Amino acid sequence: MEIYQKIRPLLFKLDPEKAHYLITNTLGYIRKLPFADDVFIGIGGYESARLENTICNMDFYNPIGLAAGFDKNGKMLQSLCGLGFGFLELGTITKIAQAGNPKPRIFRHIKEESLQNSMGFNNDGSFSFASRLKKHYPFCIPIGINIGKNKAIAQEDSLLNYQKALEDMLEIGDYYTFNLSSPNTPKLRDLQNESFVGELFAMASEKTKKPLFLKISPDMDTDNMLKICQKAIDSRASGIIATNTTIDYSVVENPESSGGISGLALREKSHEVFSHLAKAFFKRTTLISVGGIDSVQEAYQRIRMGASLIQLYSALIFKGPSICRSIAKELDSLLQRDGFEHISQAIGVDV
């Protein structure tokens, strides 16, 4: 992490999207070298039986996952696994390939260690994605697939659009997440209503017995959020992922005019939403927490609040590629310090 902090100022002089491709290409190149395993073990390797857990019939060697948005097209599986993630959520994937919103569409808020993106679900489409992933599936760690709606699809055709994307990917992936909460597709968040959520999960649960998750926005009022999550659970969702990015631009000093904000600026909002969620649904469904998690202290707090799993995104950009190893190693120590023989004993202990 210290080396990354030294080179980070140089990377941050590049456009964020160009820097992303530079880093991903570099990791891919290293992955092909004869000594690649040693390099990646040195960066991300840490294992402890105390951190291993089985959630929704999936085996995780640690609870730290990569949130959707970083590897949209499933091209970095081996490299990201090598960085120590316990699971990867790929996408967002749509049925039809699309280019996303005009560039520039990613911005850094360095002071707040946060990102603002208006990507707009740029991806290769579900058929191409599935064809690529079949070469690697099943994978050594759980793979989630985040599914979204095409921008050009009429609102009344949204359910069919999600269905067709899901159908392309039924033979790959260990779980599926439905993204109704990105702020970067017009009217997408309007689908965060009880009627559509009920129809969506009823459809999906007929198509697959794999775990199904709903990813929610941090910008809904609490009562509405809880009603929508309840509907998802009643309609056979396996769990809730909280939260996506925020359009509350007051959380950063100099916001752009569009896009969702992630990173430390999102932490307080995500923390609050997850607290309400856990009080209502802990032990009734599986909860995954994401948003502003960049340290073992925050990760441990979310776990104690009721998160079976956590996810990172912006922390990987601001803290560097050894973030998983750092959190996993320190989390193991904290669990041992507090007398927990296994991470399952700590989940929800503060609820």
# chains A, B, ... in the order shown; residues from 1 in each chain; ligands from 1

$ closest_atom_pairs --of "stretch 127-237 of chain A" --to "stretch 252-268 of chain A" --cutoff "10 Å" --atoms "only C-alpha atoms" --output "Markdown table"
| residue | atom | partner | partner_atom | distance |
| --- | --- | --- | --- | --- |
| A:Ser182 | CA | A:Gly260 | CA | 7.5 |
| A:Pro183 | CA | A:Gly260 | CA | 6.1 |
| A:Asn184 | CA | A:Gly259 | CA | 6.0 |
| A:Thr185 | CA | A:Gly259 | CA | 9.7 |
| A:Pro218 | CA | A:Leu266 | CA | 8.6 |

$ residues_around --residues "A:Cys324" --least-positions-apart "6" --cutoff "9 Å" --atoms "only C-alpha atoms" --output "PyMOL selection string"
chain A and resi 43-46+64-65+83-86+312+316

$ closest_residue --among "A:Ile147, A:Val251, A:Asn57, A:Arg31" --to "A:Ser238" --atoms "only C-alpha atoms"
A:Asn57

$ closest_residue --among "A:Arg236, A:Arg189, A:Arg337, A:Lys75" --to "A:Glu206" --atoms "only C-alpha atoms"
A:Arg236

$ residues_around --residues "A:Thr286" --least-positions-apart "5" --cutoff "10 Å" --atoms "only C-alpha atoms" --output "list in words"
Ile55, Cys56, Pro211, Phe213, Ile233, Ala237, Ser238, Gly239, Ile240, Ile241, Ala278, Phe281, Gly306, Ala307, Ser308 and Leu309 of chain A

$ residues_around --residues "stretch 89-99 of chain A" --least-positions-apart "6" --cutoff "9 Å" --atoms "only C-alpha atoms" --output "PDB file with N, CA, C and O atoms, in the first residue's frame"
ATOM      1  N   GLY A  65     -15.813  -8.342  -0.643  1.00  0.00           N
ATOM      2  CA  GLY A  65     -16.103  -8.470  -2.059  1.00  0.00           C
ATOM      3  C   GLY A  65     -15.851  -7.190  -2.825  1.00  0.00           C
ATOM      4  O   GLY A  65     -15.744  -6.110  -2.244  1.00  0.00           O
ATOM      5  N   LEU A  66     -15.746  -7.331  -4.138  1.00  0.00           N
ATOM      6  CA  LEU A  66     -15.646  -6.171  -5.018  1.00  0.00           C
ATOM      7  C   LEU A  66     -17.039  -5.800  -5.483  1.00  0.00           C
ATOM      8  O   LEU A  66     -17.780  -6.637  -5.995  1.00  0.00           O
ATOM      9  N   ALA A  67     -17.414  -4.539  -5.324  1.00  0.00           N
ATOM     10  CA  ALA A  67     -18.732  -4.086  -5.755  1.00  0.00           C
ATOM     11  C   ALA A  67     -18.808  -4.000  -7.269  1.00  0.00           C
ATOM     12  O   ALA A  67     -17.794  -3.887  -7.969  1.00  0.00           O
ATOM     13  N   ALA A  68     -20.018  -4.040  -7.776  1.00  0.00           N
ATOM     14  CA  ALA A  68     -20.236  -3.917  -9.216  1.00  0.00           C
ATOM     15  C   ALA A  68     -19.739  -2.562  -9.715  1.00  0.00           C
ATOM     16  O   ALA A  68     -19.749  -1.574  -8.988  1.00  0.00           O
ATOM     17  N   GLY A  69     -19.312  -2.554 -10.983  1.00  0.00           N
ATOM     18  CA  GLY A  69     -18.869  -1.314 -11.612  1.00  0.00           C
ATOM     19  C   GLY A  69     -17.399  -1.291 -11.944  1.00  0.00           C
ATOM     20  O   GLY A  69     -16.981  -0.568 -12.854  1.00  0.00           O
ATOM     21  N   PHE A  70     -16.604  -2.079 -11.229  1.00  0.00           N
ATOM     22  CA  PHE A  70     -15.162  -2.067 -11.480  1.00  0.00           C
ATOM     23  C   PHE A  70     -14.815  -2.964 -12.663  1.00  0.00           C
ATOM     24  O   PHE A  70     -14.065  -2.563 -13.556  1.00  0.00           O
ATOM     25  N   ASP A  71     -15.341  -4.177 -12.651  1.00  0.00           N
ATOM     26  CA  ASP A  71     -15.115  -5.111 -13.763  1.00  0.00           C
ATOM     27  C   ASP A  71     -16.460  -5.348 -14.453  1.00  0.00           C
ATOM     28  O   ASP A  71     -17.161  -6.308 -14.179  1.00  0.00           O
ATOM     29  N   LYS A  72     -16.799  -4.453 -15.349  1.00  0.00           N
ATOM     30  CA  LYS A  72     -18.122  -4.472 -15.961  1.00  0.00           C
ATOM     31  C   LYS A  72     -18.335  -5.665 -16.878  1.00  0.00           C
ATOM     32  O   LYS A  72     -19.454  -6.155 -17.013  1.00  0.00           O
ATOM     33  N   ASN A  73     -17.268  -6.129 -17.536  1.00  0.00           N
ATOM     34  CA  ASN A  73     -17.418  -7.134 -18.578  1.00  0.00           C
ATOM     35  C   ASN A  73     -16.747  -8.462 -18.274  1.00  0.00           C
ATOM     36  O   ASN A  73     -16.585  -9.299 -19.147  1.00  0.00           O
ATOM     37  N   GLY A  74     -16.341  -8.655 -17.013  1.00  0.00           N
ATOM     38  CA  GLY A  74     -15.769  -9.935 -16.612  1.00  0.00           C
ATOM     39  C   GLY A  74     -14.447 -10.244 -17.269  1.00  0.00           C
ATOM     40  O   GLY A  74     -14.181 -11.393 -17.626  1.00  0.00           O
ATOM     41  N   MET A 119     -21.490   6.817 -15.549  1.00  0.00           N
ATOM     42  CA  MET A 119     -21.120   5.884 -16.608  1.00  0.00           C
ATOM     43  C   MET A 119     -22.305   5.473 -17.482  1.00  0.00           C
ATOM     44  O   MET A 119     -22.200   5.426 -18.707  1.00  0.00           O
ATOM     45  N   GLY A 120     -23.419   5.123 -16.872  1.00  0.00           N
ATOM     46  CA  GLY A 120     -24.593   4.762 -17.652  1.00  0.00           C
ATOM     47  C   GLY A 120     -24.597   3.334 -18.165  1.00  0.00           C
ATOM     48  O   GLY A 120     -25.058   3.065 -19.285  1.00  0.00           O
ATOM     49  N   PHE A 121     -24.115   2.391 -17.368  1.00  0.00           N
ATOM     50  CA  PHE A 121     -24.163   0.968 -17.717  1.00  0.00           C
ATOM     51  C   PHE A 121     -23.499   0.682 -19.070  1.00  0.00           C
ATOM     52  O   PHE A 121     -24.061  -0.038 -19.904  1.00  0.00           O
ATOM     53  N   ASN A 122     -22.316   1.215 -19.299  1.00  0.00           N
ATOM     54  CA  ASN A 122     -21.570   0.835 -20.508  1.00  0.00           C
ATOM     55  C   ASN A 122     -21.094  -0.613 -20.346  1.00  0.00           C
ATOM     56  O   ASN A 122     -20.456  -0.950 -19.353  1.00  0.00           O
ATOM     57  N   ASN A 123     -21.447  -1.478 -21.301  1.00  0.00           N
ATOM     58  CA  ASN A 123     -21.072  -2.888 -21.198  1.00  0.00           C
ATOM     59  C   ASN A 123     -21.255  -3.576 -22.540  1.00  0.00           C
ATOM     60  O   ASN A 123     -21.859  -3.033 -23.465  1.00  0.00           O
ATOM     61  N   ASP A 124     -20.742  -4.809 -22.628  1.00  0.00           N
ATOM     62  CA  ASP A 124     -20.745  -5.564 -23.888  1.00  0.00           C
ATOM     63  C   ASP A 124     -22.055  -6.285 -24.181  1.00  0.00           C
ATOM     64  O   ASP A 124     -22.196  -6.905 -25.246  1.00  0.00           O
ATOM     65  N   GLY A 125     -23.006  -6.250 -23.248  1.00  0.00           N
ATOM     66  CA  GLY A 125     -24.259  -6.972 -23.430  1.00  0.00           C
ATOM     67  C   GLY A 125     -24.199  -8.369 -22.835  1.00  0.00           C
ATOM     68  O   GLY A 125     -23.132  -8.979 -22.718  1.00  0.00           O
ATOM     69  N   SER A 126     -25.357  -8.889 -22.449  1.00  0.00           N
ATOM     70  CA  SER A 126     -25.403 -10.133 -21.688  1.00  0.00           C
ATOM     71  C   SER A 126     -24.949 -11.362 -22.473  1.00  0.00           C
ATOM     72  O   SER A 126     -24.341 -12.270 -21.911  1.00  0.00           O
ATOM     73  N   PHE A 127     -25.196 -11.397 -23.768  1.00  0.00           N
ATOM     74  CA  PHE A 127     -24.789 -12.571 -24.543  1.00  0.00           C
ATOM     75  C   PHE A 127     -23.269 -12.663 -24.638  1.00  0.00           C
ATOM     76  O   PHE A 127     -22.674 -13.718 -24.383  1.00  0.00           O
ATOM     77  N   SER A 128     -22.615 -11.545 -24.988  1.00  0.00           N
ATOM     78  CA  SER A 128     -21.151 -11.535 -25.075  1.00  0.00           C
ATOM     79  C   SER A 128     -20.519 -11.788 -23.719  1.00  0.00           C
ATOM     80  O   SER A 128     -19.527 -12.514 -23.605  1.00  0.00           O
ATOM     81  N   PHE A 129     -21.095 -11.184 -22.696  1.00  0.00           N
ATOM     82  CA  PHE A 129     -20.585 -11.369 -21.335  1.00  0.00           C
ATOM     83  C   PHE A 129     -20.654 -12.847 -20.940  1.00  0.00           C
ATOM     84  O   PHE A 129     -19.689 -13.412 -20.425  1.00  0.00           O
ATOM     85  N   PRO A 142     -16.883 -17.105  -5.263  1.00  0.00           N
ATOM     86  CA  PRO A 142     -18.216 -16.788  -5.782  1.00  0.00           C
ATOM     87  C   PRO A 142     -18.214 -15.571  -6.712  1.00  0.00           C
ATOM     88  O   PRO A 142     -17.538 -14.573  -6.464  1.00  0.00           O
ATOM     89  N   ILE A 143     -19.007 -15.683  -7.776  1.00  0.00           N
ATOM     90  CA  ILE A 143     -19.157 -14.623  -8.767  1.00  0.00           C
ATOM     91  C   ILE A 143     -20.615 -14.166  -8.772  1.00  0.00           C
ATOM     92  O   ILE A 143     -21.531 -14.963  -8.990  1.00  0.00           O
ATOM     93  N   GLY A 144     -20.817 -12.889  -8.519  1.00  0.00           N
ATOM     94  CA  GLY A 144     -22.140 -12.296  -8.640  1.00  0.00           C
ATOM     95  C   GLY A 144     -22.239 -11.525  -9.938  1.00  0.00           C
ATOM     96  O   GLY A 144     -21.244 -11.008 -10.441  1.00  0.00           O
ATOM     97  N   ILE A 145     -23.436 -11.458 -10.486  1.00  0.00           N
ATOM     98  CA  ILE A 145     -23.662 -10.719 -11.720  1.00  0.00           C
ATOM     99  C   ILE A 145     -24.726  -9.661 -11.460  1.00  0.00           C
ATOM    100  O   ILE A 145     -25.853  -9.986 -11.063  1.00  0.00           O
ATOM    101  N   ASN A 146     -24.347  -8.416 -11.666  1.00  0.00           N
ATOM    102  CA  ASN A 146     -25.228  -7.278 -11.443  1.00  0.00           C
ATOM    103  C   ASN A 146     -25.935  -6.946 -12.758  1.00  0.00           C
ATOM    104  O   ASN A 146     -25.288  -6.706 -13.772  1.00  0.00           O
ATOM    105  N   ILE A 147     -27.262  -6.953 -12.747  1.00  0.00           N
ATOM    106  CA  ILE A 147     -28.059  -6.807 -13.960  1.00  0.00           C
ATOM    107  C   ILE A 147     -28.830  -5.497 -13.926  1.00  0.00           C
ATOM    108  O   ILE A 147     -29.472  -5.158 -12.924  1.00  0.00           O
ATOM    109  N   GLY A 148     -28.770  -4.766 -15.042  1.00  0.00           N
ATOM    110  CA  GLY A 148     -29.465  -3.490 -15.136  1.00  0.00           C
ATOM    111  C   GLY A 148     -30.372  -3.413 -16.349  1.00  0.00           C
ATOM    112  O   GLY A 148     -30.478  -4.351 -17.147  1.00  0.00           O
ATOM    113  N   LYS A 149     -31.005  -2.272 -16.513  1.00  0.00           N
ATOM    114  CA  LYS A 149     -31.941  -2.016 -17.606  1.00  0.00           C
ATOM    115  C   LYS A 149     -31.264  -1.201 -18.709  1.00  0.00           C
ATOM    116  O   LYS A 149     -30.509  -0.272 -18.428  1.00  0.00           O
ATOM    117  N   ASN A 150     -31.555  -1.532 -19.948  1.00  0.00           N
ATOM    118  CA  ASN A 150     -31.064  -0.744 -21.070  1.00  0.00           C
ATOM    119  C   ASN A 150     -31.725   0.630 -21.109  1.00  0.00           C
ATOM    120  O   ASN A 150     -32.938   0.763 -20.893  1.00  0.00           O
ATOM    121  N   LYS A 151     -30.934   1.631 -21.395  1.00  0.00           N
ATOM    122  CA  LYS A 151     -31.423   3.015 -21.444  1.00  0.00           C
ATOM    123  C   LYS A 151     -32.528   3.194 -22.474  1.00  0.00           C
ATOM    124  O   LYS A 151     -33.507   3.914 -22.234  1.00  0.00           O
ATOM    125  N   ASN A 161     -36.920  -6.778 -20.213  1.00  0.00           N
ATOM    126  CA  ASN A 161     -35.514  -6.461 -20.444  1.00  0.00           C
ATOM    127  C   ASN A 161     -34.626  -7.122 -19.395  1.00  0.00           C
ATOM    128  O   ASN A 161     -33.595  -7.738 -19.719  1.00  0.00           O
ATOM    129  N   TYR A 162     -35.028  -7.045 -18.125  1.00  0.00           N
ATOM    130  CA  TYR A 162     -34.296  -7.737 -17.055  1.00  0.00           C
ATOM    131  C   TYR A 162     -34.357  -9.258 -17.259  1.00  0.00           C
ATOM    132  O   TYR A 162     -33.365  -9.963 -17.075  1.00  0.00           O
ATOM    133  N   GLN A 163     -35.513  -9.752 -17.637  1.00  0.00           N
ATOM    134  CA  GLN A 163     -35.682 -11.185 -17.814  1.00  0.00           C
ATOM    135  C   GLN A 163     -34.763 -11.726 -18.897  1.00  0.00           C
ATOM    136  O   GLN A 163     -34.102 -12.763 -18.705  1.00  0.00           O
ATOM    137  N   LYS A 164     -34.690 -11.048 -20.036  1.00  0.00           N
ATOM    138  CA  LYS A 164     -33.874 -11.521 -21.145  1.00  0.00           C
ATOM    139  C   LYS A 164     -32.390 -11.496 -20.790  1.00  0.00           C
ATOM    140  O   LYS A 164     -31.636 -12.399 -21.184  1.00  0.00           O
ATOM    141  N   ALA A 165     -31.963 -10.499 -20.048  1.00  0.00           N
ATOM    142  CA  ALA A 165     -30.568 -10.459 -19.606  1.00  0.00           C
ATOM    143  C   ALA A 165     -30.275 -11.603 -18.651  1.00  0.00           C
ATOM    144  O   ALA A 165     -29.259 -12.294 -18.765  1.00  0.00           O
ATOM    145  N   LEU A 166     -31.181 -11.830 -17.707  1.00  0.00           N
ATOM    146  CA  LEU A 166     -31.005 -12.925 -16.747  1.00  0.00           C
ATOM    147  C   LEU A 166     -30.940 -14.265 -17.466  1.00  0.00           C
ATOM    148  O   LEU A 166     -30.088 -15.105 -17.155  1.00  0.00           O
ATOM    149  N   ASP A 168     -29.861 -15.024 -20.351  1.00  0.00           N
ATOM    150  CA  ASP A 168     -28.571 -15.231 -21.009  1.00  0.00           C
ATOM    151  C   ASP A 168     -27.503 -15.720 -20.041  1.00  0.00           C
ATOM    152  O   ASP A 168     -26.494 -16.297 -20.463  1.00  0.00           O
ATOM    153  N   TYR A 175     -24.605 -15.841  -7.990  1.00  0.00           N
ATOM    154  CA  TYR A 175     -25.789 -15.100  -7.541  1.00  0.00           C
ATOM    155  C   TYR A 175     -26.026 -13.955  -8.515  1.00  0.00           C
ATOM    156  O   TYR A 175     -25.164 -13.586  -9.310  1.00  0.00           O
ATOM    157  N   TYR A 176     -27.241 -13.386  -8.446  1.00  0.00           N
ATOM    158  CA  TYR A 176     -27.611 -12.283  -9.333  1.00  0.00           C
ATOM    159  C   TYR A 176     -28.138 -11.119  -8.500  1.00  0.00           C
ATOM    160  O   TYR A 176     -28.903 -11.319  -7.549  1.00  0.00           O
ATOM    161  N   THR A 177     -27.706  -9.930  -8.878  1.00  0.00           N
ATOM    162  CA  THR A 177     -28.170  -8.710  -8.219  1.00  0.00           C
ATOM    163  C   THR A 177     -28.928  -7.861  -9.227  1.00  0.00           C
ATOM    164  O   THR A 177     -28.431  -7.615 -10.335  1.00  0.00           O
ATOM    165  N   ASN A 179     -30.147  -4.307 -10.260  1.00  0.00           N
ATOM    166  CA  ASN A 179     -29.786  -2.909 -10.030  1.00  0.00           C
ATOM    167  C   ASN A 179     -30.932  -2.026 -10.519  1.00  0.00           C
ATOM    168  O   ASN A 179     -31.106  -1.826 -11.718  1.00  0.00           O
ATOM    169  N   GLN A 311     -18.672  -4.998   0.660  1.00  0.00           N
ATOM    170  CA  GLN A 311     -18.090  -4.758  -0.658  1.00  0.00           C
ATOM    171  C   GLN A 311     -17.329  -3.440  -0.675  1.00  0.00           C
ATOM    172  O   GLN A 311     -17.680  -2.489   0.023  1.00  0.00           O
TER     173      GLN A 311
END

$ select_by_dssp --residues "stretch 170-226 of chain A" --states "alpha helix (DSSP H)" --output "PyMOL selection string"
chain A and resi 194-207+222-226

$ write_last_selection --atoms "N, CA, C and O atoms" --output "PDB file, in the first residue's frame"
ATOM      1  N   GLU A 194     -42.896  -1.109  -4.956  1.00  0.00           N
ATOM      2  CA  GLU A 194     -43.304  -2.443  -4.513  1.00  0.00           C
ATOM      3  C   GLU A 194     -43.834  -3.300  -5.656  1.00  0.00           C
ATOM      4  O   GLU A 194     -43.545  -4.498  -5.729  1.00  0.00           O
ATOM      5  N   SER A 195     -44.589  -2.704  -6.550  1.00  0.00           N
ATOM      6  CA  SER A 195     -45.193  -3.457  -7.642  1.00  0.00           C
ATOM      7  C   SER A 195     -44.135  -4.064  -8.551  1.00  0.00           C
ATOM      8  O   SER A 195     -44.140  -5.277  -8.816  1.00  0.00           O
ATOM      9  N   PHE A 196     -43.201  -3.231  -9.020  1.00  0.00           N
ATOM     10  CA  PHE A 196     -42.195  -3.742  -9.947  1.00  0.00           C
ATOM     11  C   PHE A 196     -41.252  -4.718  -9.259  1.00  0.00           C
ATOM     12  O   PHE A 196     -40.896  -5.761  -9.830  1.00  0.00           O
ATOM     13  N   VAL A 197     -40.837  -4.397  -8.037  1.00  0.00           N
ATOM     14  CA  VAL A 197     -39.921  -5.281  -7.311  1.00  0.00           C
ATOM     15  C   VAL A 197     -40.557  -6.656  -7.102  1.00  0.00           C
ATOM     16  O   VAL A 197     -39.900  -7.694  -7.262  1.00  0.00           O
ATOM     17  N   GLY A 198     -41.849  -6.672  -6.780  1.00  0.00           N
ATOM     18  CA  GLY A 198     -42.529  -7.950  -6.611  1.00  0.00           C
ATOM     19  C   GLY A 198     -42.550  -8.754  -7.897  1.00  0.00           C
ATOM     20  O   GLY A 198     -42.279  -9.966  -7.897  1.00  0.00           O
ATOM     21  N   GLU A 199     -42.856  -8.097  -9.006  1.00  0.00           N
ATOM     22  CA  GLU A 199     -42.886  -8.776 -10.301  1.00  0.00           C
ATOM     23  C   GLU A 199     -41.493  -9.273 -10.698  1.00  0.00           C
ATOM     24  O   GLU A 199     -41.344 -10.379 -11.234  1.00  0.00           O
ATOM     25  N   LEU A 200     -40.488  -8.449 -10.442  1.00  0.00           N
ATOM     26  CA  LEU A 200     -39.119  -8.780 -10.825  1.00  0.00           C
ATOM     27  C   LEU A 200     -38.630 -10.041 -10.113  1.00  0.00           C
ATOM     28  O   LEU A 200     -38.099 -10.965 -10.750  1.00  0.00           O
ATOM     29  N   PHE A 201     -38.807 -10.098  -8.803  1.00  0.00           N
ATOM     30  CA  PHE A 201     -38.292 -11.248  -8.061  1.00  0.00           C
ATOM     31  C   PHE A 201     -39.168 -12.480  -8.235  1.00  0.00           C
ATOM     32  O   PHE A 201     -38.660 -13.613  -8.171  1.00  0.00           O
ATOM     33  N   ALA A 202     -40.442 -12.285  -8.488  1.00  0.00           N
ATOM     34  CA  ALA A 202     -41.289 -13.434  -8.812  1.00  0.00           C
ATOM     35  C   ALA A 202     -40.831 -14.062 -10.125  1.00  0.00           C
ATOM     36  O   ALA A 202     -40.731 -15.294 -10.245  1.00  0.00           O
ATOM     37  N   MET A 203     -40.525 -13.223 -11.109  1.00  0.00           N
ATOM     38  CA  MET A 203     -40.020 -13.713 -12.394  1.00  0.00           C
ATOM     39  C   MET A 203     -38.688 -14.418 -12.217  1.00  0.00           C
ATOM     40  O   MET A 203     -38.494 -15.553 -12.675  1.00  0.00           O
ATOM     41  N   ALA A 204     -37.754 -13.755 -11.525  1.00  0.00           N
ATOM     42  CA  ALA A 204     -36.397 -14.292 -11.403  1.00  0.00           C
ATOM     43  C   ALA A 204     -36.369 -15.607 -10.627  1.00  0.00           C
ATOM     44  O   ALA A 204     -35.623 -16.531 -10.970  1.00  0.00           O
ATOM     45  N   SER A 205     -37.186 -15.709  -9.594  1.00  0.00           N
ATOM     46  CA  SER A 205     -37.193 -16.938  -8.786  1.00  0.00           C
ATOM     47  C   SER A 205     -37.797 -18.111  -9.535  1.00  0.00           C
ATOM     48  O   SER A 205     -37.569 -19.272  -9.166  1.00  0.00           O
ATOM     49  N   GLU A 206     -38.550 -17.835 -10.591  1.00  0.00           N
ATOM     50  CA  GLU A 206     -39.046 -18.907 -11.452  1.00  0.00           C
ATOM     51  C   GLU A 206     -37.971 -19.370 -12.431  1.00  0.00           C
ATOM     52  O   GLU A 206     -37.982 -20.509 -12.894  1.00  0.00           O
ATOM     53  N   LYS A 207     -37.039 -18.481 -12.737  1.00  0.00           N
ATOM     54  CA  LYS A 207     -35.990 -18.780 -13.716  1.00  0.00           C
ATOM     55  C   LYS A 207     -34.791 -19.491 -13.107  1.00  0.00           C
ATOM     56  O   LYS A 207     -34.104 -20.259 -13.780  1.00  0.00           O
ATOM     57  N   THR A 222     -36.880   6.390   4.513  1.00  0.00           N
ATOM     58  CA  THR A 222     -36.728   5.120   5.220  1.00  0.00           C
ATOM     59  C   THR A 222     -37.950   4.221   5.103  1.00  0.00           C
ATOM     60  O   THR A 222     -37.824   3.017   4.832  1.00  0.00           O
ATOM     61  N   ASP A 223     -39.139   4.776   5.302  1.00  0.00           N
ATOM     62  CA  ASP A 223     -40.349   3.956   5.257  1.00  0.00           C
ATOM     63  C   ASP A 223     -40.524   3.296   3.894  1.00  0.00           C
ATOM     64  O   ASP A 223     -40.852   2.098   3.808  1.00  0.00           O
ATOM     65  N   ASN A 224     -40.319   4.057   2.829  1.00  0.00           N
ATOM     66  CA  ASN A 224     -40.451   3.515   1.478  1.00  0.00           C
ATOM     67  C   ASN A 224     -39.398   2.443   1.222  1.00  0.00           C
ATOM     68  O   ASN A 224     -39.684   1.392   0.632  1.00  0.00           O
ATOM     69  N   MET A 225     -38.188   2.702   1.662  1.00  0.00           N
ATOM     70  CA  MET A 225     -37.106   1.743   1.489  1.00  0.00           C
ATOM     71  C   MET A 225     -37.433   0.417   2.162  1.00  0.00           C
ATOM     72  O   MET A 225     -37.265  -0.658   1.580  1.00  0.00           O
ATOM     73  N   LEU A 226     -37.930   0.481   3.367  1.00  0.00           N
ATOM     74  CA  LEU A 226     -38.246  -0.741   4.111  1.00  0.00           C
ATOM     75  C   LEU A 226     -39.403  -1.501   3.461  1.00  0.00           C
ATOM     76  O   LEU A 226     -39.397  -2.736   3.416  1.00  0.00           O
TER      77      LEU A 226
END

$ closest_residue --among "A:Ala346, A:Ile247, A:Ile3, A:Met76" --to "A:Ile30" --atoms "only C-alpha atoms"
A:Met76

$ select_by_dssp --residues "stretch 1-66 of chain A" --states "strand (DSSP E or B)" --output "MDAnalysis selection string"
chainID A and resid 53:55 58:60 64:66
